[in-house]
Every structure is written in structure tokens, then in C-alpha cells.
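Notes follow the structure.
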Amino acid sequence: MDDTITHLSKVIQQYFFRNKGIADTISKLSSSIDKVTRSIVKAATHCGCIEFYAKKQPSLTPGEATNMMQGELCSRCREKIEQCIGESFFYLISLCIAMGSDPQKILQDQVEQMKILGKFNLR
């Protein structure tokens with residue numbers, strides 16, 4: 001994955017000409033994340049391939065997770081959601097570049113923080 005993020009950053013720097021302003025990039029990032037959310041909701045409400053349920057979350061042990069979702073995404077919904085997530089990656093890395101930050105270093109720092117804090121890494 002390290003090479004992929006670095007490569008994607010270089011490609012974005014080379015070919016990203018539109019919406020280079022920070023305000024445009026922030027706006028596009030926000031819009032793309034909204035599309036991810038909407039695509040997931042549509043998978044449940046329009047397609048029906050997944051269902052959401054809500055209940056009190058159990059106490060989890062490290063490495064255990066619950067997603068409160070039943071079913072599996074159909075190929076059409078999965079493709080749409082992954083396309084929207086890819087667009088969000090694009091704008092998130094564009095934002096990093098515009099801010100002069102290295103997305104690879106940011107990810108590495110997050111991994112280190114998670115290793116150090118372990119189960120106390122509350123988010």
C-alpha cells in the first residue's frame with residue numbers, strides 16, 4: 001500500500017489541473033464523502049442488498065468489531081460505493097498536496113499512533 005499512496009500522489013500532482021484551489025478541493029472532498037454515504041444508504045433503501053440495524057453496542061475485545069449491517073453488497077452497489085470511495089481518496093490526497101502534507105507520512109503516523117495507544121485509541 002505504501003507504493004500505491006506514493007504513486008497516486010505523484011499521478012495527482014501530475015494530472016490534477018481543475019479545482020486546484022484549496023476551497024474547491026475542500027468542497028469536492030466534502031461532496032465526494034457525501035456520495036459515499038448516499039451510495040451506502042441507497043444500497044439499503046433502494047436495492048435492499050444490505051440492511052442496517054441499531055442496538056446497544058456490546059463491549060468488544062481488541063480485534064473484534066461489529067458493523068450493525070446484515071447482508072452483502074451486490075456487485076452493482078459495491079462498484080458504485082467503491083467508485084465513490086476512490087473519488088474521496090483522490091480529493092483527500094489532493095487536499096494533502098495542496099496543504100503541503102505528505103499523505104504517506106500521515107498514514108504512517110496514524111498507524112504508529114494506533115500501535116502506541118492500542119485499545120485506548122478512542123475515535
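Letters A, B, ... go to the chains of the C-alpha cells in the order shown; residues in each chain start at 1; ligands are counted from 1 in the same order.
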* Asked: Which polymer residues have any atom within 10 Å of an atom of Glu72 of chain A, counting only C-alpha atoms, with same-chain residues fewer than 3 positions away left out, as a VMD selection string?
  -> chain A and resid 43 48 to 51 69 75 77 to 78
Deliver the residues from the most recent selection as a file, using all heavy atoms, as a short mmCIF file (atom, residue, chain, number, x, y, z; two decimals), in the first residue's frame.
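Result went into selection-v1.cif, see below:
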```cif
data_model
loop_
_atom_site.label_atom_id
_atom_site.label_comp_id
_atom_site.auth_asym_id
_atom_site.auth_seq_id
_atom_site.Cartn_x
_atom_site.Cartn_y
_atom_site.Cartn_z
N ALA A 43 -27.96 1.52 -1.10
CA ALA A 43 -27.83 0.06 -1.15
C ALA A 43 -28.84 -0.60 -0.23
O ALA A 43 -29.38 -1.66 -0.54
CB ALA A 43 -26.41 -0.36 -0.78
N GLY A 48 -31.70 -2.88 -1.45
CA GLY A 48 -32.05 -3.84 -0.42
C GLY A 48 -31.06 -4.96 -0.22
O GLY A 48 -31.33 -5.91 0.51
N CYS A 49 -29.89 -4.85 -0.83
CA CYS A 49 -28.89 -5.91 -0.69
C CYS A 49 -28.29 -5.94 0.73
O CYS A 49 -27.76 -6.97 1.15
CB CYS A 49 -27.80 -5.79 -1.75
SG CYS A 49 -26.89 -4.23 -1.76
N ILE A 50 -28.37 -4.83 1.45
CA ILE A 50 -27.92 -4.79 2.84
C ILE A 50 -29.02 -4.17 3.70
O ILE A 50 -29.92 -3.50 3.19
CB ILE A 50 -26.61 -3.98 3.02
CG1 ILE A 50 -26.78 -2.53 2.52
CG2 ILE A 50 -25.44 -4.68 2.35
CD1 ILE A 50 -25.61 -1.62 2.84
N GLU A 51 -28.94 -4.43 4.99
CA GLU A 51 -29.85 -3.85 5.97
C GLU A 51 -29.03 -3.33 7.14
O GLU A 51 -28.01 -3.92 7.49
CB GLU A 51 -30.84 -4.89 6.49
CG GLU A 51 -31.81 -5.40 5.46
CD GLU A 51 -32.76 -6.44 6.03
OE1 GLU A 51 -32.78 -6.63 7.27
OE2 GLU A 51 -33.47 -7.06 5.24
N MET A 69 -24.70 -4.31 10.33
CA MET A 69 -25.18 -4.43 8.96
C MET A 69 -25.39 -5.91 8.66
O MET A 69 -24.58 -6.74 9.07
CB MET A 69 -24.15 -3.83 8.00
CG MET A 69 -24.59 -3.83 6.56
SD MET A 69 -23.34 -3.11 5.47
CE MET A 69 -22.28 -4.53 5.22
N SER A 75 -23.08 -6.67 -6.61
CA SER A 75 -21.96 -6.17 -7.42
C SER A 75 -22.18 -4.73 -7.88
O SER A 75 -21.24 -3.94 -7.91
CB SER A 75 -21.70 -7.08 -8.61
OG SER A 75 -22.84 -7.14 -9.44
N CYS A 77 -24.00 -2.29 -6.38
CA CYS A 77 -23.84 -1.37 -5.24
C CYS A 77 -22.37 -1.28 -4.82
O CYS A 77 -21.87 -0.20 -4.52
CB CYS A 77 -24.72 -1.80 -4.07
SG CYS A 77 -26.49 -1.58 -4.38
N ARG A 78 -21.69 -2.43 -4.77
CA ARG A 78 -20.27 -2.44 -4.39
C ARG A 78 -19.46 -1.57 -5.36
O ARG A 78 -18.62 -0.78 -4.95
CB ARG A 78 -19.72 -3.86 -4.36
CG ARG A 78 -18.23 -3.91 -3.98
CD ARG A 78 -17.72 -5.32 -3.83
NE ARG A 78 -18.47 -6.10 -2.86
CZ ARG A 78 -18.35 -5.99 -1.54
NH1 ARG A 78 -17.50 -5.13 -1.04
NH2 ARG A 78 -19.07 -6.75 -0.74
#
```
* Asked: If you run DSSP on this backbone, which residues of chain A come out as alpha helix (DSSP H), and could you give them as JSON, numbers by chain?
  -> {"A": [2, 3, 4, 5, 6, 7, 8, 9, 10, 11, 12, 13, 14, 15, 22, 23, 24, 25, 26, 27, 28, 29, 30, 31, 32, 33, 34, 35, 36, 37, 38, 39, 40, 41, 42, 75, 76, 77, 78, 79, 80, 81, 82, 83, 84, 85, 86, 87, 88, 89, 90, 91, 92, 93, 94, 95, 96, 97, 98, 99, 103, 104, 105, 106, 107, 108, 109, 110, 111, 112, 113, 114, 115, 116, 117]}
* To do: Return as a count of residues only the full set of residues in chain A whose backbone-based DSSP assignment is strand (DSSP E or B).
  => 6
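Note that atom CA of Cys47 of chain A and atom CA of Glu79 of chain A are 13.2 Å apart.
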Residues near Lys10 of chain A, anyone? I mean within 12 Å using only C-alpha atoms, not counting same-chain ones fewer than 2 positions away, as a PDB file with all heavy atoms, in the first residue's frame.
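Generated output (around-v2.pdb):
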```pdb
ATOM      1  N   ASP A   3       3.523   1.989  -1.635  1.00  0.00           N
ATOM      2  CA  ASP A   3       3.838   2.399  -3.000  1.00  0.00           C
ATOM      3  C   ASP A   3       2.604   2.960  -3.705  1.00  0.00           C
ATOM      4  O   ASP A   3       2.719   3.882  -4.506  1.00  0.00           O
ATOM      5  CB  ASP A   3       4.402   1.217  -3.798  1.00  0.00           C
ATOM      6  CG  ASP A   3       5.760   0.761  -3.282  1.00  0.00           C
ATOM      7  OD1 ASP A   3       6.481   1.587  -2.688  1.00  0.00           O
ATOM      8  OD2 ASP A   3       6.094  -0.415  -3.472  1.00  0.00           O
ATOM      9  N   THR A   4       1.449   2.422  -3.407  1.00  0.00           N
ATOM     10  CA  THR A   4       0.224   2.871  -4.052  1.00  0.00           C
ATOM     11  C   THR A   4      -0.100   4.314  -3.682  1.00  0.00           C
ATOM     12  O   THR A   4      -0.435   5.122  -4.548  1.00  0.00           O
ATOM     13  CB  THR A   4      -0.955   1.947  -3.677  1.00  0.00           C
ATOM     14  OG1 THR A   4      -0.606   0.612  -4.019  1.00  0.00           O
ATOM     15  CG2 THR A   4      -2.208   2.348  -4.404  1.00  0.00           C
ATOM     16  N   ILE A   5      -0.014   4.658  -2.412  1.00  0.00           N
ATOM     17  CA  ILE A   5      -0.307   6.025  -1.965  1.00  0.00           C
ATOM     18  C   ILE A   5       0.703   6.997  -2.571  1.00  0.00           C
ATOM     19  O   ILE A   5       0.327   8.062  -3.076  1.00  0.00           O
ATOM     20  CB  ILE A   5      -0.294   6.126  -0.426  1.00  0.00           C
ATOM     21  CG1 ILE A   5      -1.378   5.244   0.201  1.00  0.00           C
ATOM     22  CG2 ILE A   5      -0.435   7.572   0.023  1.00  0.00           C
ATOM     23  CD1 ILE A   5      -2.791   5.651  -0.120  1.00  0.00           C
ATOM     24  N   THR A   6       1.969   6.640  -2.545  1.00  0.00           N
ATOM     25  CA  THR A   6       3.006   7.497  -3.123  1.00  0.00           C
ATOM     26  C   THR A   6       2.785   7.666  -4.616  1.00  0.00           C
ATOM     27  O   THR A   6       2.861   8.779  -5.142  1.00  0.00           O
ATOM     28  CB  THR A   6       4.404   6.900  -2.846  1.00  0.00           C
ATOM     29  OG1 THR A   6       4.574   6.779  -1.436  1.00  0.00           O
ATOM     30  CG2 THR A   6       5.497   7.774  -3.415  1.00  0.00           C
ATOM     31  N   HIS A   7       2.493   6.581  -5.307  1.00  0.00           N
ATOM     32  CA  HIS A   7       2.245   6.636  -6.751  1.00  0.00           C
ATOM     33  C   HIS A   7       1.018   7.486  -7.060  1.00  0.00           C
ATOM     34  O   HIS A   7       1.052   8.330  -7.964  1.00  0.00           O
ATOM     35  CB  HIS A   7       2.080   5.224  -7.316  1.00  0.00           C
ATOM     36  CG  HIS A   7       1.821   5.194  -8.786  1.00  0.00           C
ATOM     37  ND1 HIS A   7       2.788   5.529  -9.717  1.00  0.00           N
ATOM     38  CD2 HIS A   7       0.701   4.911  -9.485  1.00  0.00           C
ATOM     39  CE1 HIS A   7       2.269   5.443 -10.926  1.00  0.00           C
ATOM     40  NE2 HIS A   7       0.997   5.067 -10.814  1.00  0.00           N
ATOM     41  N   LEU A   8      -0.061   7.271  -6.321  1.00  0.00           N
ATOM     42  CA  LEU A   8      -1.276   8.057  -6.531  1.00  0.00           C
ATOM     43  C   LEU A   8      -1.004   9.542  -6.295  1.00  0.00           C
ATOM     44  O   LEU A   8      -1.470  10.393  -7.058  1.00  0.00           O
ATOM     45  CB  LEU A   8      -2.403   7.571  -5.616  1.00  0.00           C
ATOM     46  CG  LEU A   8      -3.755   8.258  -5.751  1.00  0.00           C
ATOM     47  CD1 LEU A   8      -4.285   8.177  -7.182  1.00  0.00           C
ATOM     48  CD2 LEU A   8      -4.755   7.641  -4.787  1.00  0.00           C
ATOM     49  N   ILE A  12      -1.618  12.378  -9.142  1.00  0.00           N
ATOM     50  CA  ILE A  12      -2.495  13.516  -8.878  1.00  0.00           C
ATOM     51  C   ILE A  12      -1.753  14.825  -9.102  1.00  0.00           C
ATOM     52  O   ILE A  12      -2.265  15.747  -9.736  1.00  0.00           O
ATOM     53  CB  ILE A  12      -3.102  13.433  -7.461  1.00  0.00           C
ATOM     54  CG1 ILE A  12      -4.118  12.292  -7.404  1.00  0.00           C
ATOM     55  CG2 ILE A  12      -3.761  14.759  -7.080  1.00  0.00           C
ATOM     56  CD1 ILE A  12      -4.625  11.982  -6.009  1.00  0.00           C
ATOM     57  N   GLN A  13      -0.521  14.913  -8.603  1.00  0.00           N
ATOM     58  CA  GLN A  13       0.273  16.134  -8.804  1.00  0.00           C
ATOM     59  C   GLN A  13       0.494  16.401 -10.285  1.00  0.00           C
ATOM     60  O   GLN A  13       0.481  17.538 -10.726  1.00  0.00           O
ATOM     61  CB  GLN A  13       1.622  16.012  -8.102  1.00  0.00           C
ATOM     62  CG  GLN A  13       1.548  16.210  -6.617  1.00  0.00           C
ATOM     63  CD  GLN A  13       2.898  15.997  -5.959  1.00  0.00           C
ATOM     64  OE1 GLN A  13       3.641  15.075  -6.296  1.00  0.00           O
ATOM     65  NE2 GLN A  13       3.221  16.851  -5.008  1.00  0.00           N
ATOM     66  N   GLN A  14       0.682  15.354 -11.055  1.00  0.00           N
ATOM     67  CA  GLN A  14       0.987  15.487 -12.470  1.00  0.00           C
ATOM     68  C   GLN A  14      -0.236  15.859 -13.305  1.00  0.00           C
ATOM     69  O   GLN A  14      -0.136  16.650 -14.239  1.00  0.00           O
ATOM     70  CB  GLN A  14       1.586  14.175 -12.987  1.00  0.00           C
ATOM     71  CG  GLN A  14       2.102  14.252 -14.405  1.00  0.00           C
ATOM     72  CD  GLN A  14       2.782  12.954 -14.815  1.00  0.00           C
ATOM     73  OE1 GLN A  14       2.791  11.981 -14.079  1.00  0.00           O
ATOM     74  NE2 GLN A  14       3.348  12.949 -16.004  1.00  0.00           N
ATOM     75  N   TYR A  15      -1.407  15.303 -12.972  1.00  0.00           N
ATOM     76  CA  TYR A  15      -2.574  15.448 -13.842  1.00  0.00           C
ATOM     77  C   TYR A  15      -3.735  16.249 -13.270  1.00  0.00           C
ATOM     78  O   TYR A  15      -4.706  16.480 -13.972  1.00  0.00           O
ATOM     79  CB  TYR A  15      -3.102  14.066 -14.244  1.00  0.00           C
ATOM     80  CG  TYR A  15      -2.123  13.288 -15.075  1.00  0.00           C
ATOM     81  CD1 TYR A  15      -1.492  12.168 -14.567  1.00  0.00           C
ATOM     82  CD2 TYR A  15      -1.821  13.691 -16.372  1.00  0.00           C
ATOM     83  CE1 TYR A  15      -0.583  11.453 -15.326  1.00  0.00           C
ATOM     84  CE2 TYR A  15      -0.911  12.986 -17.141  1.00  0.00           C
ATOM     85  CZ  TYR A  15      -0.299  11.868 -16.608  1.00  0.00           C
ATOM     86  OH  TYR A  15       0.595  11.166 -17.360  1.00  0.00           O
ATOM     87  N   PHE A  16      -3.662  16.661 -12.037  1.00  0.00           N
ATOM     88  CA  PHE A  16      -4.796  17.358 -11.419  1.00  0.00           C
ATOM     89  C   PHE A  16      -4.707  18.850 -11.706  1.00  0.00           C
ATOM     90  O   PHE A  16      -3.996  19.585 -11.049  1.00  0.00           O
ATOM     91  CB  PHE A  16      -4.824  17.087  -9.908  1.00  0.00           C
ATOM     92  CG  PHE A  16      -6.056  17.609  -9.222  1.00  0.00           C
ATOM     93  CD1 PHE A  16      -7.318  17.327  -9.703  1.00  0.00           C
ATOM     94  CD2 PHE A  16      -5.944  18.361  -8.073  1.00  0.00           C
ATOM     95  CE1 PHE A  16      -8.448  17.788  -9.061  1.00  0.00           C
ATOM     96  CE2 PHE A  16      -7.070  18.828  -7.416  1.00  0.00           C
ATOM     97  CZ  PHE A  16      -8.323  18.544  -7.913  1.00  0.00           C
ATOM     98  N   PHE A  90      -9.065  10.409  -3.919  1.00  0.00           N
ATOM     99  CA  PHE A  90      -8.462  11.370  -4.841  1.00  0.00           C
ATOM    100  C   PHE A  90      -8.460  12.775  -4.240  1.00  0.00           C
ATOM    101  O   PHE A  90      -7.434  13.449  -4.192  1.00  0.00           O
ATOM    102  CB  PHE A  90      -9.228  11.349  -6.169  1.00  0.00           C
ATOM    103  CG  PHE A  90      -8.741  12.368  -7.168  1.00  0.00           C
ATOM    104  CD1 PHE A  90      -7.706  12.059  -8.021  1.00  0.00           C
ATOM    105  CD2 PHE A  90      -9.322  13.627  -7.248  1.00  0.00           C
ATOM    106  CE1 PHE A  90      -7.247  12.987  -8.949  1.00  0.00           C
ATOM    107  CE2 PHE A  90      -8.883  14.559  -8.164  1.00  0.00           C
ATOM    108  CZ  PHE A  90      -7.841  14.244  -9.020  1.00  0.00           C
ATOM    109  N   ILE A  93      -6.229  13.103  -1.001  1.00  0.00           N
ATOM    110  CA  ILE A  93      -4.804  13.220  -1.329  1.00  0.00           C
ATOM    111  C   ILE A  93      -4.526  14.569  -1.991  1.00  0.00           C
ATOM    112  O   ILE A  93      -3.505  15.201  -1.720  1.00  0.00           O
ATOM    113  CB  ILE A  93      -4.343  12.032  -2.198  1.00  0.00           C
ATOM    114  CG1 ILE A  93      -4.352  10.757  -1.340  1.00  0.00           C
ATOM    115  CG2 ILE A  93      -2.950  12.278  -2.782  1.00  0.00           C
ATOM    116  CD1 ILE A  93      -4.069   9.490  -2.087  1.00  0.00           C
ATOM    117  N   SER A  94      -5.460  15.048  -2.804  1.00  0.00           N
ATOM    118  CA  SER A  94      -5.312  16.389  -3.397  1.00  0.00           C
ATOM    119  C   SER A  94      -5.232  17.458  -2.306  1.00  0.00           C
ATOM    120  O   SER A  94      -4.451  18.399  -2.411  1.00  0.00           O
ATOM    121  CB  SER A  94      -6.489  16.696  -4.324  1.00  0.00           C
ATOM    122  OG  SER A  94      -6.519  15.804  -5.399  1.00  0.00           O
ATOM    123  N   CYS A  96      -4.153  16.986   0.773  1.00  0.00           N
ATOM    124  CA  CYS A  96      -2.827  16.845   1.391  1.00  0.00           C
ATOM    125  C   CYS A  96      -1.775  17.583   0.567  1.00  0.00           C
ATOM    126  O   CYS A  96      -0.951  18.326   1.117  1.00  0.00           O
ATOM    127  CB  CYS A  96      -2.434  15.366   1.506  1.00  0.00           C
ATOM    128  SG  CYS A  96      -3.372  14.432   2.710  1.00  0.00           S
ATOM    129  N   ILE A  97      -1.811  17.377  -0.737  1.00  0.00           N
ATOM    130  CA  ILE A  97      -0.849  18.021  -1.631  1.00  0.00           C
ATOM    131  C   ILE A  97      -0.992  19.534  -1.566  1.00  0.00           C
ATOM    132  O   ILE A  97       0.001  20.262  -1.452  1.00  0.00           O
ATOM    133  CB  ILE A  97      -1.010  17.494  -3.073  1.00  0.00           C
ATOM    134  CG1 ILE A  97      -0.594  16.018  -3.132  1.00  0.00           C
ATOM    135  CG2 ILE A  97      -0.202  18.327  -4.056  1.00  0.00           C
ATOM    136  CD1 ILE A  97      -1.007  15.312  -4.417  1.00  0.00           C
ATOM    137  N   ASP A 102       2.434  15.287   3.301  1.00  0.00           N
ATOM    138  CA  ASP A 102       2.707  14.014   2.637  1.00  0.00           C
ATOM    139  C   ASP A 102       1.685  12.980   3.107  1.00  0.00           C
ATOM    140  O   ASP A 102       1.703  12.584   4.278  1.00  0.00           O
ATOM    141  CB  ASP A 102       4.118  13.554   2.987  1.00  0.00           C
ATOM    142  CG  ASP A 102       4.497  12.221   2.379  1.00  0.00           C
ATOM    143  OD1 ASP A 102       3.719  11.675   1.570  1.00  0.00           O
ATOM    144  OD2 ASP A 102       5.588  11.720   2.720  1.00  0.00           O
ATOM    145  N   PRO A 103       0.777  12.536   2.228  1.00  0.00           N
ATOM    146  CA  PRO A 103      -0.247  11.581   2.660  1.00  0.00           C
ATOM    147  C   PRO A 103       0.341  10.281   3.196  1.00  0.00           C
ATOM    148  O   PRO A 103      -0.208   9.685   4.117  1.00  0.00           O
ATOM    149  CB  PRO A 103      -1.087  11.335   1.409  1.00  0.00           C
ATOM    150  CG  PRO A 103      -0.404  12.007   0.283  1.00  0.00           C
ATOM    151  CD  PRO A 103       0.644  12.898   0.832  1.00  0.00           C
ATOM    152  N   GLN A 104       1.463   9.852   2.640  1.00  0.00           N
ATOM    153  CA  GLN A 104       2.111   8.627   3.113  1.00  0.00           C
ATOM    154  C   GLN A 104       2.568   8.782   4.554  1.00  0.00           C
ATOM    155  O   GLN A 104       2.360   7.910   5.387  1.00  0.00           O
ATOM    156  CB  GLN A 104       3.296   8.277   2.207  1.00  0.00           C
ATOM    157  CG  GLN A 104       3.993   6.999   2.581  1.00  0.00           C
ATOM    158  CD  GLN A 104       3.072   5.802   2.495  1.00  0.00           C
ATOM    159  OE1 GLN A 104       2.306   5.672   1.552  1.00  0.00           O
ATOM    160  NE2 GLN A 104       3.124   4.940   3.480  1.00  0.00           N
TER     161      GLN A 104
END
```
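The nearest approach to Met68 of chain A among the residues A:Ala54, A:Arg38, A:Ser30, A:His46, with only C-alpha atoms taken into account, belongs to A:Ala54.
You can rank A:Ser88, A:Phe52, A:Met99, A:Gln70 by their closest distance to Lys35 of chain A using only C-alpha atoms, and at the top of that list sits A:Ser88.
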* Check the smallest atom-to-atom distance from each of A:Lys80, A:Lys56, A:Lys115, A:Lys105 to Thr37 of chain A using only C-alpha atoms, then report the winner. =>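 Nearest candidate to Thr37 of chain A out of A:Lys80, A:Lys56, A:Lys115, A:Lys105: A:Lys80.
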* Structure fact -> Expressed in Å, the length from atom CA of Ile40 of chain A to atom CA of Ile81 of chain A is 6.6 Å
